[in-house]
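Have a look at final.txt; it's compact mmCIF, C-alpha atoms and all ligand atoms:
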```txt
# COMPACT_ATOMS: atom_id res chain seq x y z
CA MET A 84 14.70 12.12 0.13
CA ARG A 85 15.16 14.31 3.14
CA SER A 86 11.56 15.08 4.12
CA LEU A 87 8.50 12.86 3.64
CA LEU A 88 5.26 14.63 4.62
CA PHE A 89 2.25 12.56 5.66
CA VAL A 90 -1.08 13.79 4.31
CA PRO A 91 -4.39 12.17 5.26
CA GLY A 92 -5.75 10.55 2.09
CA ASP A 93 -9.26 11.87 2.60
CA SER A 94 -8.20 15.53 2.66
CA GLU A 95 -7.84 17.10 -0.76
CA ARG A 96 -7.31 20.45 0.95
CA LYS A 97 -4.21 19.18 2.77
CA MET A 98 -2.90 17.45 -0.36
CA LEU A 99 -3.03 20.72 -2.29
CA LYS A 100 -1.29 22.47 0.58
CA ALA A 101 1.34 19.72 0.86
CA ILE A 102 2.35 19.84 -2.80
CA SER A 103 3.94 23.27 -2.30
CA SER A 104 5.32 22.55 1.18
CA GLY A 105 8.87 21.98 -0.07
CA ALA A 106 8.80 18.33 1.01
CA ASP A 107 10.89 15.93 -1.08
CA ALA A 108 8.07 13.37 -0.89
CA LEU A 109 4.43 13.25 0.17
CA ILE A 110 2.99 10.16 1.82
CA LEU A 111 -0.67 10.11 0.81
CA ASP A 112 -2.14 8.05 3.63
CA LEU A 113 -4.86 5.45 3.26
CA GLU A 114 -4.04 3.83 6.62
CA ASP A 115 -4.16 5.15 10.19
CA SER A 116 -5.13 8.77 9.48
CA VAL A 117 -8.26 7.63 7.61
CA ALA A 118 -11.28 6.18 9.46
CA LEU A 119 -12.58 2.81 8.22
CA SER A 120 -15.81 4.45 7.08
CA ARG A 121 -13.84 6.82 4.83
CA LYS A 122 -11.39 4.36 3.20
CA ALA A 123 -13.29 4.20 -0.10
CA GLU A 124 -13.58 7.97 -0.34
CA ALA A 125 -9.87 8.34 0.48
CA ARG A 126 -8.92 5.90 -2.31
CA ASN A 127 -10.86 8.05 -4.78
CA THR A 128 -9.34 11.28 -3.47
CA VAL A 129 -5.78 9.92 -3.64
CA SER A 130 -6.34 8.42 -7.07
CA ALA A 131 -7.73 11.72 -8.41
CA PHE A 132 -4.83 13.64 -6.87
CA LEU A 133 -2.28 11.32 -8.51
CA THR A 134 -4.07 11.70 -11.82
CA ASP A 135 -4.40 15.48 -11.67
CA THR A 136 -0.95 16.38 -10.34
CA GLU A 137 1.43 17.31 -13.10
CA ARG A 138 4.79 15.75 -12.33
CA GLY A 139 7.91 17.74 -13.00
CA THR A 140 11.42 17.77 -11.60
CA ASP A 141 10.26 19.99 -8.73
CA THR A 142 7.23 17.89 -7.83
CA PRO A 143 7.64 15.92 -4.61
CA LEU A 144 7.71 12.15 -5.00
CA LEU A 145 4.20 10.84 -4.47
CA ILE A 146 4.06 7.83 -2.17
CA VAL A 147 0.87 6.07 -1.08
CA ARG A 148 0.65 4.37 2.30
CA ILE A 149 -1.69 1.42 1.88
CA ASN A 150 -3.29 -0.57 4.69
CA ALA A 151 -1.38 -3.53 6.13
CA LEU A 152 -1.50 -6.75 4.10
CA ASP A 153 -3.56 -8.63 6.73
CA THR A 154 -6.38 -6.07 6.89
CA GLY A 155 -8.29 -7.16 3.82
CA LEU A 156 -8.06 -3.56 2.59
CA SER A 157 -4.73 -3.48 0.79
CA ASP A 158 -5.87 -5.05 -2.50
CA ASP A 159 -8.54 -2.41 -2.95
CA ASP A 160 -5.94 0.24 -2.08
CA LEU A 161 -3.55 -1.07 -4.76
CA ALA A 162 -6.34 -1.42 -7.33
CA ALA A 163 -7.24 2.23 -6.80
CA VAL A 164 -3.77 3.75 -7.05
CA ILE A 165 -1.26 1.68 -9.04
CA SER A 166 -2.78 2.49 -12.42
CA VAL A 167 -2.28 6.22 -11.79
CA GLY A 168 1.41 5.77 -11.10
CA PRO A 169 2.55 6.61 -7.58
CA ASP A 170 6.33 6.73 -7.22
CA ALA A 171 6.22 4.26 -4.33
CA ILE A 172 3.98 2.31 -2.00
CA LEU A 173 4.63 2.53 1.74
CA LEU A 174 3.78 -0.70 3.51
CA PRO A 175 2.88 -0.27 7.20
CA LYS A 176 3.32 -2.96 9.85
CA ALA A 177 5.64 -4.92 7.55
CA GLY A 178 6.27 -8.24 9.24
CA SER A 179 9.12 -9.65 7.16
CA GLY A 180 10.91 -9.63 3.83
CA ALA A 181 8.41 -12.21 2.60
CA GLU A 182 5.70 -9.55 2.83
CA ILE A 183 7.80 -7.28 0.62
CA GLN A 184 7.99 -10.07 -1.98
CA ASP A 185 4.25 -10.60 -1.70
CA LEU A 186 3.53 -6.88 -2.12
CA SER A 187 5.96 -6.64 -5.04
CA ALA A 188 4.12 -9.44 -6.85
CA ARG A 189 0.77 -7.76 -6.26
CA ILE A 190 2.09 -4.44 -7.56
CA ALA A 191 3.48 -6.23 -10.65
CA VAL A 192 0.02 -7.57 -11.50
CA HIS A 193 -1.53 -4.11 -11.30
CA GLU A 194 1.36 -2.59 -13.27
CA ALA A 195 0.86 -5.16 -16.03
CA GLU A 196 -2.90 -4.56 -16.12
CA ALA A 197 -2.32 -0.83 -16.42
CA GLY A 198 0.37 -1.26 -19.08
CA LEU A 199 3.00 0.33 -16.83
CA GLU A 200 6.68 -0.49 -16.93
CA ASP A 201 7.43 -3.48 -14.68
CA GLY A 202 9.23 -2.62 -11.45
CA LYS A 203 9.02 1.16 -11.72
CA ILE A 204 6.95 1.61 -8.56
CA ARG A 205 9.16 1.36 -5.50
CA ILE A 206 8.38 -0.05 -2.05
CA HIS A 207 9.10 1.64 1.26
CA ALA A 208 8.32 -0.26 4.46
CA LEU A 209 7.64 0.56 8.09
CA MET A 210 9.44 -2.36 9.66
CA THR A 211 9.25 -1.80 13.42
CA GLU A 212 5.53 -1.37 13.98
CA THR A 213 5.11 -4.94 15.15
CA ALA A 214 7.25 -7.20 17.33
CA GLY A 215 7.41 -9.62 14.39
CA GLY A 216 8.77 -6.99 12.01
CA MET A 217 11.50 -6.06 14.49
CA LEU A 218 12.52 -9.65 15.09
CA SER A 219 12.67 -10.21 11.30
CA ALA A 220 14.86 -7.17 10.60
CA ALA A 221 17.49 -9.17 8.71
CA SER A 222 14.88 -10.72 6.40
CA PHE A 223 14.24 -7.47 4.52
CA ALA A 224 17.51 -7.70 2.59
CA ALA A 225 17.39 -8.50 -1.14
CA LYS A 226 13.73 -9.55 -1.15
CA SER A 227 12.72 -7.20 -3.95
CA GLU A 228 14.48 -4.81 -6.29
CA ARG A 229 11.64 -2.43 -5.53
CA LEU A 230 12.55 -1.97 -1.87
CA SER A 231 14.21 1.42 -1.56
CA ALA A 232 13.66 2.61 2.02
CA LEU A 233 13.03 1.25 5.51
CA ALA A 234 11.43 3.44 8.16
CA TRP A 235 10.65 2.96 11.80
CA GLY A 236 7.52 3.81 13.74
CA ALA A 237 6.94 4.00 17.47
CA GLU A 238 3.20 4.45 17.94
CA ASP A 239 1.95 1.12 16.61
CA LEU A 240 4.76 -0.80 18.26
CA ALA A 241 3.61 0.49 21.65
CA ALA A 242 0.15 -0.89 20.92
CA ASP A 243 1.56 -4.21 19.69
CA ILE A 244 3.67 -4.88 22.78
CA GLY A 245 1.24 -3.37 25.29
CA ALA A 246 3.43 -0.44 26.33
CA SER A 247 1.43 2.47 27.73
CA SER A 248 4.02 4.95 26.43
CA ASN A 249 7.04 4.87 24.15
CA LYS A 250 8.90 7.51 26.18
CA ASP A 251 9.99 7.77 29.81
CA ASP A 252 9.21 10.65 32.18
CA ASN A 253 12.05 12.70 30.65
CA GLY A 254 10.66 12.33 27.13
CA VAL A 255 13.37 9.87 26.07
CA TYR A 256 12.40 6.77 24.06
CA THR A 257 12.48 3.66 26.25
CA ASP A 258 14.72 0.71 25.39
CA VAL A 259 12.41 -1.20 23.04
CA PHE A 260 11.83 1.92 20.96
CA ARG A 261 15.52 2.81 20.89
CA LEU A 262 16.09 -0.73 19.66
CA ALA A 263 13.45 -0.18 16.94
CA ARG A 264 15.32 2.92 15.79
CA SER A 265 18.63 1.04 15.79
CA LEU A 266 17.16 -1.92 13.92
CA ALA A 267 15.84 0.38 11.20
CA ILE A 268 19.34 1.80 10.68
CA LEU A 269 20.88 -1.69 10.62
CA ALA A 270 18.19 -3.28 8.42
CA ALA A 271 18.41 -0.42 5.92
CA ALA A 272 22.21 -0.65 5.73
CA ASN A 273 21.98 -4.44 5.45
CA SER A 274 19.41 -4.09 2.64
CA ARG A 275 21.37 -1.25 0.93
CA VAL A 276 18.37 1.09 1.10
CA ASP A 277 17.69 4.45 2.78
CA ALA A 278 16.90 4.58 6.50
CA ILE A 279 14.05 6.96 7.31
CA ASP A 280 13.50 8.35 10.81
CA THR A 281 10.10 8.31 12.48
CA VAL A 282 7.76 11.29 12.91
CA PHE A 283 8.18 13.93 15.62
CA THR A 284 4.60 14.27 16.82
CA ASP A 285 4.88 17.56 18.76
CA PHE A 286 4.59 19.61 15.59
CA ARG A 287 4.69 23.02 17.33
CA ASP A 288 8.12 22.27 18.87
CA LEU A 289 10.49 23.02 15.97
CA ASP A 290 13.60 23.21 18.20
CA GLY A 291 12.87 19.74 19.53
CA LEU A 292 12.42 18.55 15.95
CA ASP A 293 15.75 20.09 14.94
CA THR A 294 17.54 18.31 17.81
CA GLU A 295 15.98 14.99 16.78
CA CYS A 296 16.92 15.58 13.12
CA ARG A 297 20.57 16.28 13.99
CA ALA A 298 20.73 13.03 15.98
CA ALA A 299 19.18 11.20 13.02
CA VAL A 300 21.74 12.59 10.55
CA ARG A 301 24.57 11.69 12.93
CA ASP A 302 23.31 8.13 13.32
CA GLY A 303 22.89 7.33 9.61
CA PHE A 304 19.33 8.22 8.63
CA SER A 305 18.87 9.74 5.16
CA GLY A 306 15.59 11.48 5.88
CA LYS A 307 12.69 11.91 8.26
CA MET A 308 8.93 11.67 8.03
CA ALA A 309 6.84 14.77 8.89
CA ILE A 310 3.22 15.25 9.88
CA HIS A 311 2.91 19.03 9.44
CA PRO A 312 4.12 21.40 6.69
CA ASP A 313 5.95 23.55 9.26
CA GLN A 314 8.30 20.62 9.93
CA VAL A 315 9.53 20.36 6.33
CA ALA A 316 12.03 23.24 6.25
CA VAL A 317 13.62 22.12 9.54
CA ILE A 318 14.06 18.58 8.22
CA ASN A 319 15.37 19.68 4.82
CA ARG A 320 17.93 21.94 6.45
CA ALA A 321 19.17 19.27 8.83
CA PHE A 322 19.49 16.58 6.15
CA THR A 323 21.29 18.83 3.64
CA PRO A 324 25.02 18.36 4.19
CA PRO A 325 26.90 21.64 4.83
CA SER A 326 28.88 22.89 1.82
CA GLU A 327 32.25 22.30 3.52
CA ASP A 328 31.31 18.62 4.01
CA VAL A 329 30.31 18.36 0.35
CA GLU A 330 33.55 19.99 -0.81
CA ARG A 331 35.59 17.64 1.34
CA ALA A 332 33.63 14.65 0.04
CA VAL A 333 34.36 15.66 -3.56
CA ARG A 334 38.06 16.03 -2.71
CA ILE A 335 38.13 12.55 -1.18
CA MET A 336 36.39 11.03 -4.20
CA ALA A 337 38.76 12.88 -6.55
CA LEU A 338 41.75 11.58 -4.61
CA PHE A 339 40.55 7.99 -4.92
CA ALA A 340 39.64 8.49 -8.58
CA ALA A 341 43.16 9.77 -9.31
CA ALA A 342 44.78 6.92 -7.36
CA GLY A 343 42.98 4.26 -9.42
CA PRO A 344 41.15 1.08 -8.51
CA ASP A 345 43.95 -0.42 -6.42
CA ALA A 346 44.16 2.51 -4.04
CA GLY A 347 44.24 1.54 -0.40
CA VAL A 348 45.23 4.16 2.09
CA LEU A 349 45.77 7.79 1.07
CA SER A 350 46.37 11.06 2.85
CA LEU A 351 44.42 14.33 2.79
CA ASP A 352 45.39 17.45 4.76
CA GLY A 353 47.73 15.37 6.91
CA LYS A 354 45.07 12.79 7.80
CA MET A 355 44.73 9.17 6.78
CA ILE A 356 41.92 8.42 4.30
CA ASP A 357 40.83 4.88 3.45
CA LYS A 358 37.84 3.03 2.00
CA PRO A 359 35.34 3.82 4.81
CA HIS A 360 36.06 7.52 4.23
CA LEU A 361 35.32 7.02 0.53
CA ARG A 362 32.00 5.34 1.30
CA GLN A 363 31.13 8.17 3.68
CA ALA A 364 32.08 10.74 1.02
CA GLU A 365 29.85 9.00 -1.53
CA ARG A 366 26.99 9.10 0.97
CA VAL A 367 27.46 12.86 1.53
CA ALA A 368 27.48 13.39 -2.25
CA ARG A 369 24.24 11.42 -2.57
CA MET A 370 22.60 13.34 0.27
CA ALA A 371 23.69 16.63 -1.32
CA GLY A 372 22.04 15.49 -4.56
CA LEU A 373 25.22 16.08 -6.58
CA SER A 374 24.81 15.31 -10.25
CA PRO A 375 26.91 12.37 -11.47
CA ASP A 376 29.00 14.83 -13.54
CA ALA A 377 30.15 16.51 -10.34
CA ILE A 378 31.30 13.23 -8.81
CA PRO A 379 34.75 11.94 -9.74
CA SER A 380 34.30 8.28 -10.53
CA VAL A 381 36.42 5.61 -8.92
CA SER A 382 36.77 2.71 -11.28
N1 LIG A 401 -0.31 18.18 5.07
C1 LIG A 401 -0.79 19.26 4.43
N2 LIG A 401 -1.37 20.30 5.06
C2 LIG A 401 -1.42 20.25 6.39
C3 LIG A 401 -0.92 19.16 7.12
C4 LIG A 401 -0.34 18.09 6.42
N3 LIG A 401 0.15 17.01 7.02
N4 LIG A 401 -1.08 19.40 8.43
C5 LIG A 401 -1.68 20.59 8.53
N5 LIG A 401 -1.88 21.12 7.31
C6 LIG A 401 -2.48 22.41 6.97
C7 LIG A 401 -3.81 22.59 7.65
O1 LIG A 401 -4.84 22.06 6.86
C8 LIG A 401 -3.87 24.07 7.77
O2 LIG A 401 -4.23 24.63 6.52
P1 LIG A 401 -5.50 25.59 6.36
O3 LIG A 401 -5.33 26.66 7.39
O4 LIG A 401 -5.43 26.06 4.94
O5 LIG A 401 -6.67 24.71 6.64
C9 LIG A 401 -2.43 24.49 7.99
O6 LIG A 401 -1.66 23.42 7.48
C10 LIG A 401 -2.10 24.71 9.44
O7 LIG A 401 -2.47 23.58 10.17
P2 LIG A 401 -2.62 23.62 11.75
O8 LIG A 401 -3.83 24.40 12.13
O9 LIG A 401 -1.32 24.10 12.32
O10 LIG A 401 -2.79 22.11 12.14
P3 LIG A 401 -4.15 21.28 12.18
O11 LIG A 401 -4.65 21.35 13.59
O12 LIG A 401 -5.06 21.72 11.08
O13 LIG A 401 -3.68 19.82 11.84
C11 LIG A 401 -2.90 17.61 12.24
C12 LIG A 401 -2.94 19.05 12.76
C13 LIG A 401 -1.98 16.78 13.12
C14 LIG A 401 -4.32 17.03 12.24
C15 LIG A 401 -2.36 17.67 10.79
O14 LIG A 401 -1.07 18.25 10.85
C16 LIG A 401 -2.31 16.36 10.04
O15 LIG A 401 -3.31 15.93 9.49
N6 LIG A 401 -1.12 15.72 9.97
C17 LIG A 401 -0.96 14.47 9.25
C18 LIG A 401 -1.42 13.32 10.08
C19 LIG A 401 -1.13 11.99 9.45
O16 LIG A 401 -1.18 11.83 8.25
N7 LIG A 401 -0.80 11.00 10.28
C20 LIG A 401 -0.45 9.69 9.82
C21 LIG A 401 0.99 9.37 10.02
S1 LIG A 401 1.57 9.46 11.67
MG MG A 402 0.32 3.73 12.40
```
Would you mind writing the file out in structure tokens?
Ligand code: COA
Ligand code: MG
Amino acid sequence: MRSLLFVPGDSERKMLKAISSGADALILDLEDSVALSRKAEARNTVSAFLTDTERGTDTPLLIVRINALDTGLSDDDLAAVISVGPDAILLPKAGSGAEIQDLSARIAVHEAEAGLEDGKIRIHALMTETAGGMLSAASFAAKSERLSALAWGAEDLAADIGASSNKDDNGVYTDVFRLARSLAILAAANSRVDAIDTVFTDFRDLDGLDTECRAAVRDGFSGKMAIHPDQVAVINRAFTPPSEDVERAVRIMALFAAAGPDAGVLSLDGKMIDKPHLRQAERVARMAGLSPDAIPSVS
């Protein structure tokens, strides 16, 4: 997943537009982009959209952002959408791994009631929107098989800690928010799931978005959330590894495959190659979406 486009859950018009945006995933939002008075209507709209959208290999993944577990709204959100099979639920303001377990159990109940396969619906979590979530970063590991991505958010964290802005006068994230970004990378790696970068809110500034995407790729993020369809192509381009990187990754994997399971250090084009290079090559192959047939297996 390179691009994940947010779509307000009460706007069928935007959902229909988003489906052909080229995004790898849509996040149908029942939380902050929907006013309290419109939550019920949004649940119906999202549920109908999930029902009516034919899913094929080219369809974006359909993710639903529910309301936080302590709002009293999330059970109604789950009741409205699980039976119509979203690919994943995005949990905002996730406070700890225990909340992931709690959510997983709730999803399992709805899956069973709807006769759906147990465990098919994944969980993504926004884990830096509260001070508690940040301080519990390590707790997200191995709490549920469903957890498949951790993302960071800067807007709600500002509200939680009482910061009047998340950026300084030069437009650079201040320390707490840089820490949030770093913790998302670390927590995702520690949990063996994808790290997803936060939204770039100035949606007319595509050059600024591109710069932020390149930094995200460099630092270990697998994808980035978007708020506007125009952002999707920029994100997809940045998170698609260049063909020379993919070719090199395949060569590294082939070298290790040929050397067998006991291979330690090898050489390629006069440079030393060892296990971290192999892990990096596997990551590039995953990001390029290579089919398993194209990947030499190291056994
Ligand atoms: N998904 C799908 N379509 C979208 C979209 C989105 N996220 N954002 C904009 N569009 C559509 C608009 O509806 C418009 O289509 P139309 O001309 O057929 O009506 C077209 O793209 C161009 O939109 P534009 O005029 O440039 O922007 P806007 O002023 O209509 O919308 C926002 C700006 C920020 C309100 C809108 O981008 C949006 O709703 N973003 C998502 C917000 C969100 O979900 N936030 C929660 C997470 S932070
Ligand atoms: Mg929010």
Determine, for each residue of chain A having at least one atom at most 8 Å from an atom of ligand LIG 401 (chain A), the closest pair of atoms and their separation in Å to one decimal, counting only C-alpha atoms and all ligand atoms; order by chain and ascending number, as JSON lines.
```
{"residue": "A:Leu88", "atom": "CA", "partner": "A:LIG401", "partner_atom": "N3", "distance": 6.1}
{"residue": "A:Phe89", "atom": "CA", "partner": "A:LIG401", "partner_atom": "O16", "distance": 4.4}
{"residue": "A:Val90", "atom": "CA", "partner": "A:LIG401", "partner_atom": "N3", "distance": 4.4}
{"residue": "A:Pro91", "atom": "CA", "partner": "A:LIG401", "partner_atom": "O16", "distance": 4.4}
{"residue": "A:Gly92", "atom": "CA", "partner": "A:LIG401", "partner_atom": "O16", "distance": 7.8}
{"residue": "A:Arg96", "atom": "CA", "partner": "A:LIG401", "partner_atom": "O1", "distance": 6.6}
{"residue": "A:Lys97", "atom": "CA", "partner": "A:LIG401", "partner_atom": "C1", "distance": 3.8}
{"residue": "A:Met98", "atom": "CA", "partner": "A:LIG401", "partner_atom": "C1", "distance": 5.5}
{"residue": "A:Leu99", "atom": "CA", "partner": "A:LIG401", "partner_atom": "C1", "distance": 7.2}
{"residue": "A:Lys100", "atom": "CA", "partner": "A:LIG401", "partner_atom": "N2", "distance": 5.0}
{"residue": "A:Ala101", "atom": "CA", "partner": "A:LIG401", "partner_atom": "C1", "distance": 4.2}
{"residue": "A:Ile102", "atom": "CA", "partner": "A:LIG401", "partner_atom": "C1", "distance": 7.9}
{"residue": "A:Ser104", "atom": "CA", "partner": "A:LIG401", "partner_atom": "C1", "distance": 7.7}
{"residue": "A:Ile110", "atom": "CA", "partner": "A:LIG401", "partner_atom": "O16", "distance": 7.8}
{"residue": "A:Leu111", "atom": "CA", "partner": "A:LIG401", "partner_atom": "O16", "distance": 7.7}
{"residue": "A:Asp112", "atom": "CA", "partner": "A:LIG401", "partner_atom": "O16", "distance": 6.0}
{"residue": "A:Glu114", "atom": "CA", "partner": "A:LIG401", "partner_atom": "C20", "distance": 7.6}
{"residue": "A:Asp115", "atom": "CA", "partner": "A:LIG401", "partner_atom": "C20", "distance": 5.9}
{"residue": "A:Ser116", "atom": "CA", "partner": "A:LIG401", "partner_atom": "C20", "distance": 4.8}
{"residue": "A:Val282", "atom": "CA", "partner": "A:LIG401", "partner_atom": "S1", "distance": 6.6}
{"residue": "A:Thr284", "atom": "CA", "partner": "A:LIG401", "partner_atom": "S1", "distance": 7.7}
{"residue": "A:Phe286", "atom": "CA", "partner": "A:LIG401", "partner_atom": "O14", "distance": 7.5}
{"residue": "A:Arg287", "atom": "CA", "partner": "A:LIG401", "partner_atom": "O9", "distance": 7.9}
{"residue": "A:Ala309", "atom": "CA", "partner": "A:LIG401", "partner_atom": "N3", "distance": 7.3}
{"residue": "A:Ile310", "atom": "CA", "partner": "A:LIG401", "partner_atom": "C17", "distance": 4.3}
{"residue": "A:His311", "atom": "CA", "partner": "A:LIG401", "partner_atom": "N4", "distance": 4.1}
{"residue": "A:Pro312", "atom": "CA", "partner": "A:LIG401", "partner_atom": "C3", "distance": 5.5}
{"residue": "A:Asp313", "atom": "CA", "partner": "A:LIG401", "partner_atom": "O6", "distance": 7.8}
```
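Here the question is which of A:Val167, A:Leu240, A:Ala332, A:Met355 gets nearest to Ala371 in chain A using all atoms listed in the file, and that residue is A:Ala332.
What separates CA of Ser227 in chain A from CA of Pro175 in chain A is a distance of 16.4 Å.
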Restricting the calculation to all atoms listed in the file, which member of A:Glu196, A:Asp258, A:Asp160, A:Glu124 is positioned closest to Leu174 in chain A? A:Asp160
CA of Asp170 in chain A to CA of Asp141 in chain A, distance in Å rounded to a single decimal: 13.9 Å
So which residues touch Ile206 in chain A within 6 Å, counting all atoms listed in the file, skipping near sequence neighbours fewer than 2 positions away, as a list of chain:residue names? A:Ala171, A:Ile172, A:Leu173, A:Arg229, A:Leu230
Keeping C-alpha atoms, write range 275-327 of chain A of the structure just shown out as an mmCIF file, in the first residue's frame.
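Listing of part_23.cif after writing:
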```
data_model
loop_
_atom_site.group_PDB
_atom_site.id
_atom_site.type_symbol
_atom_site.label_atom_id
_atom_site.label_comp_id
_atom_site.auth_asym_id
_atom_site.auth_seq_id
_atom_site.Cartn_x
_atom_site.Cartn_y
_atom_site.Cartn_z
ATOM 1 C CA ARG A 275 6.616 -6.351 11.817
ATOM 2 C CA VAL A 276 3.909 -4.291 10.112
ATOM 3 C CA ASP A 277 3.914 -1.448 7.577
ATOM 4 C CA ALA A 278 4.685 2.107 8.711
ATOM 5 C CA ILE A 279 2.368 4.684 7.153
ATOM 6 C CA ASP A 280 3.254 8.381 7.003
ATOM 7 C CA THR A 281 0.810 11.074 8.050
ATOM 8 C CA VAL A 282 -1.205 13.336 5.732
ATOM 9 C CA PHE A 283 0.237 16.422 4.021
ATOM 10 C CA THR A 284 -2.559 18.906 4.603
ATOM 11 C CA ASP A 285 -1.574 21.601 2.068
ATOM 12 C CA PHE A 286 -3.143 19.674 -0.793
ATOM 13 C CA ARG A 287 -2.396 22.292 -3.481
ATOM 14 C CA ASP A 288 1.377 22.082 -2.813
ATOM 15 C CA LEU A 289 2.369 18.954 -4.757
ATOM 16 C CA ASP A 290 6.104 19.784 -4.721
ATOM 17 C CA GLY A 291 6.022 20.025 -0.939
ATOM 18 C CA LEU A 292 4.185 16.696 -0.849
ATOM 19 C CA ASP A 293 6.812 15.104 -3.101
ATOM 20 C CA THR A 294 9.624 16.302 -0.820
ATOM 21 C CA GLU A 295 7.831 14.870 2.222
ATOM 22 C CA CYS A 296 7.211 11.556 0.396
ATOM 23 C CA ARG A 297 10.895 11.185 -0.530
ATOM 24 C CA ALA A 298 11.887 11.730 3.102
ATOM 25 C CA ALA A 299 9.305 9.135 4.150
ATOM 26 C CA VAL A 300 10.631 6.520 1.699
ATOM 27 C CA ARG A 301 14.193 7.215 2.857
ATOM 28 C CA ASP A 302 13.246 6.805 6.517
ATOM 29 C CA GLY A 303 11.381 3.493 6.187
ATOM 30 C CA PHE A 304 7.712 4.281 5.586
ATOM 31 C CA SER A 305 5.875 1.973 3.158
ATOM 32 C CA GLY A 306 3.140 4.412 2.232
ATOM 33 C CA LYS A 307 1.433 7.698 2.991
ATOM 34 C CA MET A 308 -2.097 8.819 3.702
ATOM 35 C CA ALA A 309 -3.704 11.398 1.370
ATOM 36 C CA ILE A 310 -6.628 13.768 1.761
ATOM 37 C CA HIS A 311 -7.144 14.797 -1.879
ATOM 38 C CA PRO A 312 -7.176 12.776 -5.136
ATOM 39 C CA ASP A 313 -4.489 15.046 -6.644
ATOM 40 C CA GLN A 314 -2.037 13.745 -4.036
ATOM 41 C CA VAL A 315 -2.353 10.096 -5.072
ATOM 42 C CA ALA A 316 -0.132 10.072 -8.175
ATOM 43 C CA VAL A 317 2.657 11.931 -6.350
ATOM 44 C CA ILE A 318 2.581 9.428 -3.496
ATOM 45 C CA ASN A 319 2.401 6.371 -5.766
ATOM 46 C CA ARG A 320 5.366 7.590 -7.777
ATOM 47 C CA ALA A 321 7.500 8.276 -4.722
ATOM 48 C CA PHE A 322 6.748 4.927 -3.064
ATOM 49 C CA THR A 323 7.351 2.854 -6.215
ATOM 50 C CA PRO A 324 11.001 1.779 -6.161
ATOM 51 C CA PRO A 325 12.931 2.750 -9.328
ATOM 52 C CA SER A 326 13.515 -0.164 -11.719
ATOM 53 C CA GLU A 327 17.292 -0.161 -11.149
#
```
